[in-house]
Amino acid sequence: MTDRLWEFVTFAYPNIKYVVLGSILLSISSAVVGCFTFLKKKALLGDVISHAVLPGICLSFIVSGSKNPFLLIIGASITGWISIVAMDYIVRSSKIKEDTATGLSLSVFFGIGILLLTYIQHSGNAAQTGLDTFLFGNAAALIGEDLIAFSLIAVIILVVVYFFYKEFKLISFDTQFANTLGLPVRTLELILTSITVLAVVTGIQAVGVVLMAAMLITPAAAARFWTNRLSIMLTLAAIFGAFSGITGAYISYASPSMPTGPWIVMVLSIIALISFFFAPGKGILIRVFKQYQNQRKFLGENLLKVFYTLGESNQNFLSYRSQEELMAKRAFKESTLAKGLTRLSREGFVTHHRAQWALTKEGYEKGKRIVRLHRMWELYLTEYLKIAPDHVHEDAESIEHVITPELELRLERLLDHPSVDPHKAPIPQKQQPIINNEQ
Amino acid sequence: MIIQTENPALEIHDLTVSYDRKPVLWGIDLSVPYGSICGIIGPNGAGKSTLIKSVMGLIPLSSGYIKIFNQELDEIRLKVSYVPQRESVDWDFPASVLDIVMMGRYGKVGLFRNIRKADKEAAMNALEQVGMEKFYRRQISQLSGGQQQRVFLARALTQQADIYFMDEPFAGVDAATEKAIIQILRRLAGEGKTIVVVHHDLQSVSTYFNWIIMLNLRLVASGPTEKVFTQQLLEEAYGGKLTLLSEVGELMKKEQVPTRE
């Protein structure tokens, strides 16, 4: 395996170089174009084009009788392009909605393509072998003439995006406004569609008709998780594309029974999954972690609150209490309670003596603050939102955990330093000596 | 009551607009004087947004013509600014506040060229005017409704236009934003700029606008606020659609009859 890796990274055979270069260029150009189709919410556009190029490929083979890549690309681009124009026309001038038009365009063109392909295969033309690789792609065949053609197209695509970056950004965000600025929006859309067609036509060579949509959309979707800036999104998508291009090429080199194209898409999908779970801010994992943190925080604060209210009832805030006493006040699960208490004692908010627990001074202050916020919020709800006093408790139960010190100050001022809540319970004051009547 | 003005900033002549052959605005004939803050009012579906969209060339006209400063729109694009409805875009787009505001300069910058330093400064200046300069790096999906509206207004301000068309700039914004926007509009009008605003809230009409266009598929009234903002005309505009007119419109759609032969 390491030998293979060494051969691979040193380009020991020219073939390796071609396949790697080809895969990278294809992946980058479709990733960059894909960002715009993704942002324009036209994710299925790639699917339509990739299916619609098949009749073009077959037609240009029938007409020319050769598999010259330039001729095939021209044929493919023409029908790919017509499919998009047809789709737009259907949406604009009939009652048919975009999703239906997408399905129609895709299947009609693909149907014609398969029809032509079958015809060619039965025509007995010997040159036709290998034409069906367009269906599933064959990146390993990226050599010589093909490579030159595809590299050229990839470069064209990247140059066009570079020059029209500002305009593509605007028409992806706000087409109407672009129109009112007097920009040639229709032409710009046409250019964007055309380079999308080109990206698909070249990409198909590597991954085939069915997987092509993934080459366009997956890098964009993955990149979107990591950034809120379009320029970085494009760069990231290109990097993801390039990385999966190299990896796909290596895997199929190291293990010749493995196809390059599907592996490129596999790697892309893994990157997308990782982004989905781990990206900061938007990733699922961060959210789950936040929820977990909240639960811990709520539990601790609720416990301190129970200590405080128990202290209120016997005017002894620092006395030791058993777990049963705490559970009588509020229905904690026994295991949760034990965990919460242990954590609080580690953090220095409670102390314990045998199986008895008591607030420390810091725990007292924190518990007092939560009770204070709870009761002030109840008062706020009854006074300002005119909610009945018997309906405010549940709301306050969660709000008490989120109010910041700044909001607390504002609340206090708004309520004019209140002393009792709607249920006539006293609202603890900030400066208030600890009552600790030993019994 | 339709009051015309001599030498208007905006002139709409015999305008009919249709969606799929069905006229949604019939025979509009009006003029708006320079330096006015003009409110377009009328019930839902009256064609208010359609009117300014057709002025901005976003919808093809079935008949009639529109002149701004006595010229065709295409001749003076750079002098005309449009603020679309806030909901017309997806705010989850990967862009910062400054990115969006600078889009107002794209018309001036032109194709193939990069944003210049001057454009950035114009954008920052516009952000200051709407009180959003501190948020210039903020991702736009993190803005409140009022802040989004301010960003759109700032984008329009960078265009340094002479006439502004705004689609519901006061819809769904907080009181502070509403106040900030109307102050900017008044300042612009004070500088001789003309402002046309689609508006929903009848309460504030007489304090905000000095010219009113009242629509309900047809032009009910156009003129100075004190003359046309009357109970009688409001009842005419809001007292239900002219059912015959709507039915003929539906018929035109059904039979695919063009507005002009």
# chains A, B, ... in the order shown; residues from 1 in each chain; ligands from 1
call {"tool": "closest_atom_pairs", "arguments": {"of": "stretch 136-253 of chain B", "to": "stretch 52-63 of chain B", "cutoff": "9 Å", "atoms": "only C-alpha atoms", "output": "tab-separated table"}}
result
residue	atom	partner	partner_atom	distance
B:Phe165	CA	B:Ile52	CA	6.6
B:Met166	CA	B:Ile52	CA	8.0
B:Asp167	CA	B:Ile52	CA	7.6
B:Val196	CA	B:Ile52	CA	8.3
B:Val197	CA	B:Ile52	CA	8.7
B:Val198	CA	B:Ile52	CA	8.1
call {"tool": "interface_residues", "arguments": {"of": "chain B", "to": "chain A", "cutoff": "9 Å", "atoms": "only C-alpha atoms", "output": "MDAnalysis selection string"}}
result
chainID B and resid 20 56:58 74 77:78 80:84 88:96 100 103:108 110:115 139:140
call {"tool": "residues_around", "arguments": {"residues": "stretch 169-181 of chain B", "least_positions_apart": "3", "cutoff": "12 Å", "atoms": "only C-alpha atoms", "output": "JSON, numbers by chain"}}
result
{"B": [39, 40, 49, 82, 83, 84, 85, 86, 87, 128, 129, 130, 131, 132, 143, 144, 145, 146, 147, 148, 149, 150, 151, 152, 153, 154, 156, 157, 164, 165, 166, 184, 185, 186, 187, 188, 195, 196, 197, 198, 199, 200, 201, 202, 204, 205, 207, 208]}
call {"tool": "closest_residue", "arguments": {"among": "A:Pro259, A:Gly340, A:Gly248, A:Gly363", "to": "A:Gly22", "atoms": "only C-alpha atoms"}}
result
A:Gly248
call {"tool": "closest_residue", "arguments": {"among": "A:Leu192, A:Gly130, A:Met212, A:Leu310", "to": "A:Val160", "atoms": "only C-alpha atoms"}}
result
A:Leu192
call {"tool": "closest_residue", "arguments": {"among": "B:Thr230, B:Ser36, B:Glu168, B:Gln4", "to": "B:Phe209", "atoms": "only C-alpha atoms"}}
result
B:Ser36
call {"tool": "residues_around", "arguments": {"residues": "stretch 9-14 of chain B", "least_positions_apart": "5", "cutoff": "7 Å", "atoms": "only C-alpha atoms", "output": "VMD selection string"}}
result
chain B and resid 27 to 34 63 to 69
call {"tool": "write_last_selection", "arguments": {"atoms": "N, CA and C atoms", "output": "compact mmCIF listing (two decimals), in the first residue's frame"}}
result
# COMPACT_ATOMS: atom_id res chain seq x y z
N GLY B 27 -55.59 51.40 -16.90
CA GLY B 27 -55.59 52.79 -17.35
C GLY B 27 -55.14 53.82 -16.32
N ILE B 28 -53.95 53.64 -15.77
CA ILE B 28 -53.46 54.58 -14.75
C ILE B 28 -52.86 55.81 -15.43
N ASP B 29 -53.27 56.96 -14.97
CA ASP B 29 -52.83 58.24 -15.53
C ASP B 29 -52.51 59.16 -14.36
N LEU B 30 -51.26 59.40 -14.09
CA LEU B 30 -50.98 60.26 -12.95
C LEU B 30 -49.63 60.94 -13.07
N SER B 31 -49.41 61.92 -12.21
CA SER B 31 -48.11 62.58 -12.17
C SER B 31 -47.77 62.93 -10.73
N VAL B 32 -46.48 62.88 -10.41
CA VAL B 32 -46.00 63.16 -9.06
C VAL B 32 -44.97 64.29 -9.13
N PRO B 33 -45.13 65.34 -8.36
CA PRO B 33 -44.21 66.48 -8.46
C PRO B 33 -42.85 66.21 -7.82
N TYR B 34 -41.85 66.97 -8.23
CA TYR B 34 -40.50 66.91 -7.66
C TYR B 34 -40.54 67.11 -6.15
N SER B 63 -49.92 48.41 -21.85
CA SER B 63 -50.14 49.62 -22.65
C SER B 63 -49.64 50.81 -21.86
N GLY B 64 -49.50 51.93 -22.54
CA GLY B 64 -49.11 53.16 -21.88
C GLY B 64 -47.62 53.33 -21.78
N TYR B 65 -47.20 54.44 -21.15
CA TYR B 65 -45.78 54.65 -20.96
C TYR B 65 -45.52 55.33 -19.62
N ILE B 66 -44.27 55.26 -19.20
CA ILE B 66 -43.85 55.86 -17.94
C ILE B 66 -42.65 56.74 -18.22
N LYS B 67 -42.65 57.94 -17.66
CA LYS B 67 -41.48 58.80 -17.82
C LYS B 67 -41.01 59.28 -16.46
N ILE B 68 -39.71 59.22 -16.27
CA ILE B 68 -39.12 59.73 -15.04
C ILE B 68 -38.25 60.91 -15.43
N PHE B 69 -38.49 62.03 -14.80
CA PHE B 69 -37.80 63.27 -15.18
C PHE B 69 -37.89 63.48 -16.69
call {"tool": "closest_residue", "arguments": {"among": "B:Gly190, B:Leu15, B:Pro43, B:Thr259", "to": "B:Glu235", "atoms": "only C-alpha atoms"}}
result
B:Pro43
call {"tool": "residues_around", "arguments": {"residues": "stretch 47-54 of chain A", "least_positions_apart": "2", "cutoff": "6 Å", "atoms": "only C-alpha atoms", "output": "list in words"}}
result
Leu44, Leu45, Gly56, Ile57, Ala76, Thr79, Gly80, Leu106, Phe109, Phe110, Gly113, Val200, Val209 and Ala213 of chain A
call {"tool": "residues_around", "arguments": {"residues": "A:Leu158", "least_positions_apart": "3", "cutoff": "12 Å", "atoms": "only C-alpha atoms", "output": "list of chain:residue names"}}
result
A:Leu25, A:Leu26, A:Ser27, A:Ile28, A:Ser29, A:Ser30, A:Ala31, A:Val32, A:Val33, A:Gly34, A:Ser151, A:Leu152, A:Ile153, A:Ala154, A:Val155, A:Val161, A:Tyr162, A:Phe163, A:Phe164, A:Tyr165, A:Leu192, A:Ile195, A:Thr196, A:Leu198, A:Ala199, A:Leu234, A:Thr235, A:Ala238
call {"tool": "atom_distance", "arguments": {"atom1": "atom CA of A:Ser123", "atom2": "atom CA of A:Gly203"}}
result
27.5 Å
call {"tool": "select_by_dssp", "arguments": {"residues": "stretch 31-252 of chain B", "states": "helix (DSSP H, G or I)", "output": "number ranges by chain"}}
result
B: 48-55, 73-75, 77-79, 86-88, 97-109, 117-129, 133-135, 140-142, 145-157, 175-190, 202-208, 225-228, 231-238, 243-252
call {"tool": "write_last_selection", "arguments": {"atoms": "C-alpha atoms", "output": "compact mmCIF listing (two decimals), in the first residue's frame"}}
result
# COMPACT_ATOMS: atom_id res chain seq x y z
CA LYS B 48 -49.56 48.91 -5.32
CA SER B 49 -46.37 46.86 -5.67
CA THR B 50 -47.24 46.14 -9.28
CA LEU B 51 -47.30 49.86 -9.98
CA ILE B 52 -43.77 50.52 -8.77
CA LYS B 53 -42.46 47.29 -10.26
CA SER B 54 -43.75 48.37 -13.64
CA VAL B 55 -42.17 51.79 -13.16
CA LEU B 73 -36.07 54.63 -17.49
CA ASP B 74 -33.13 53.21 -19.44
CA GLU B 75 -31.69 56.66 -20.05
CA ARG B 77 -31.17 54.22 -14.52
CA LEU B 78 -28.39 55.57 -12.33
CA LYS B 79 -30.70 58.29 -11.03
CA ARG B 86 -37.80 42.80 2.54
CA GLU B 87 -39.30 39.32 2.09
CA SER B 88 -38.41 39.21 -1.59
CA VAL B 97 -24.18 43.80 5.81
CA LEU B 98 -21.45 45.72 3.98
CA ASP B 99 -21.57 43.25 1.05
CA ILE B 100 -25.25 43.89 0.56
CA VAL B 101 -25.02 47.66 0.88
CA MET B 102 -22.21 47.76 -1.68
CA MET B 103 -24.50 46.08 -4.19
CA GLY B 104 -26.09 49.50 -4.56
CA ARG B 105 -22.86 50.62 -6.23
CA TYR B 106 -22.71 47.82 -8.80
CA GLY B 107 -24.54 49.94 -11.36
CA LYS B 108 -21.95 52.69 -11.04
CA VAL B 109 -18.95 50.35 -10.90
CA LYS B 117 -12.39 52.13 -2.08
CA ALA B 118 -14.75 55.00 -2.79
CA ASP B 119 -17.62 52.54 -3.09
CA LYS B 120 -16.78 51.05 0.27
CA GLU B 121 -16.76 54.50 1.81
CA ALA B 122 -20.08 55.37 0.23
CA ALA B 123 -21.49 52.16 1.68
CA MET B 124 -20.15 52.89 5.16
CA ASN B 125 -21.53 56.39 4.92
CA ALA B 126 -24.97 55.05 4.01
CA LEU B 127 -24.79 52.62 6.92
CA GLU B 128 -24.05 55.50 9.25
CA GLN B 129 -27.09 57.36 7.97
CA GLU B 133 -22.41 51.27 10.95
CA LYS B 134 -21.58 49.06 13.92
CA PHE B 135 -23.15 46.08 12.18
CA ILE B 140 -27.28 39.26 7.25
CA SER B 141 -29.22 36.29 8.61
CA GLN B 142 -28.53 37.58 12.11
CA GLY B 145 -36.58 42.71 10.48
CA GLY B 146 -36.02 46.37 11.19
CA GLN B 147 -32.29 46.04 10.65
CA GLN B 148 -32.83 44.22 7.36
CA GLN B 149 -35.00 47.09 6.19
CA ARG B 150 -32.32 49.59 7.20
CA VAL B 151 -29.75 47.62 5.21
CA PHE B 152 -31.97 47.77 2.14
CA LEU B 153 -32.45 51.49 2.64
CA ALA B 154 -28.68 51.96 3.00
CA ARG B 155 -28.16 50.02 -0.22
CA ALA B 156 -30.53 52.42 -1.97
CA LEU B 157 -28.80 55.45 -0.44
CA ALA B 175 -40.96 51.86 15.98
CA ALA B 176 -37.36 53.12 16.16
CA THR B 177 -36.64 51.94 12.61
CA GLU B 178 -39.86 53.47 11.31
CA LYS B 179 -38.86 56.80 12.83
CA ALA B 180 -35.32 56.56 11.45
CA ILE B 181 -36.60 55.76 7.97
CA ILE B 182 -39.10 58.59 7.82
CA GLN B 183 -36.42 61.03 9.00
CA ILE B 184 -34.16 59.96 6.15
CA LEU B 185 -37.01 60.24 3.66
CA ARG B 186 -37.77 63.76 4.86
CA ARG B 187 -34.12 64.73 4.57
CA LEU B 188 -33.94 63.36 1.03
CA ALA B 189 -37.12 65.21 0.06
CA GLY B 190 -35.61 68.34 1.59
CA LEU B 202 -53.53 54.42 7.00
CA GLN B 203 -52.92 55.89 10.49
CA SER B 204 -49.61 57.48 9.51
CA VAL B 205 -50.50 58.52 5.96
CA SER B 206 -51.25 62.17 6.64
CA THR B 207 -48.10 62.72 8.73
CA TYR B 208 -45.73 60.90 6.39
CA THR B 225 -52.61 64.61 0.75
CA GLU B 226 -54.85 67.34 2.13
CA LYS B 227 -57.01 67.21 -0.99
CA VAL B 228 -57.30 63.48 -1.68
CA GLN B 231 -63.26 59.82 3.85
CA GLN B 232 -65.16 59.64 0.59
CA LEU B 233 -62.17 58.67 -1.55
CA LEU B 234 -60.94 56.19 1.05
CA GLU B 235 -64.33 54.52 0.99
CA GLU B 236 -64.15 54.38 -2.76
CA ALA B 237 -60.70 52.75 -2.64
CA TYR B 238 -61.31 50.39 0.23
CA THR B 243 -66.78 43.38 -9.33
CA LEU B 244 -67.53 44.00 -13.00
CA LEU B 245 -63.91 45.08 -13.56
CA SER B 246 -62.53 41.97 -11.86
CA GLU B 247 -64.84 39.69 -13.79
CA VAL B 248 -63.84 41.19 -17.13
CA GLY B 249 -60.20 40.72 -16.07
CA GLU B 250 -60.77 37.04 -15.29
CA LEU B 251 -62.50 36.66 -18.62
CA MET B 252 -59.52 38.16 -20.45
call {"tool": "atom_distance", "arguments": {"atom1": "atom CA of A:Met266", "atom2": "atom CA of A:Pro14"}}
result
25.3 Å
call {"tool": "atom_distance", "arguments": {"atom1": "atom CA of A:Asp421", "atom2": "atom CA of A:Leu379"}}
result
5.4 Å
call {"tool": "residues_around", "arguments": {"residues": "B:Leu25", "least_positions_apart": "3", "cutoff": "6 Å", "atoms": "only C-alpha atoms", "output": "ChimeraX atom specification"}}
result
/B:16-17,217-218
call {"tool": "closest_residue", "arguments": {"among": "A:Ile286, A:Ala214, A:Ala254, A:Ala358", "to": "A:Tyr308", "atoms": "only C-alpha atoms"}}
result
A:Ala358
call {"tool": "closest_residue", "arguments": {"among": "A:Ile24, A:Leu385, A:Leu303, A:Ala425", "to": "A:Leu147", "atoms": "only C-alpha atoms"}}
result
A:Ile24
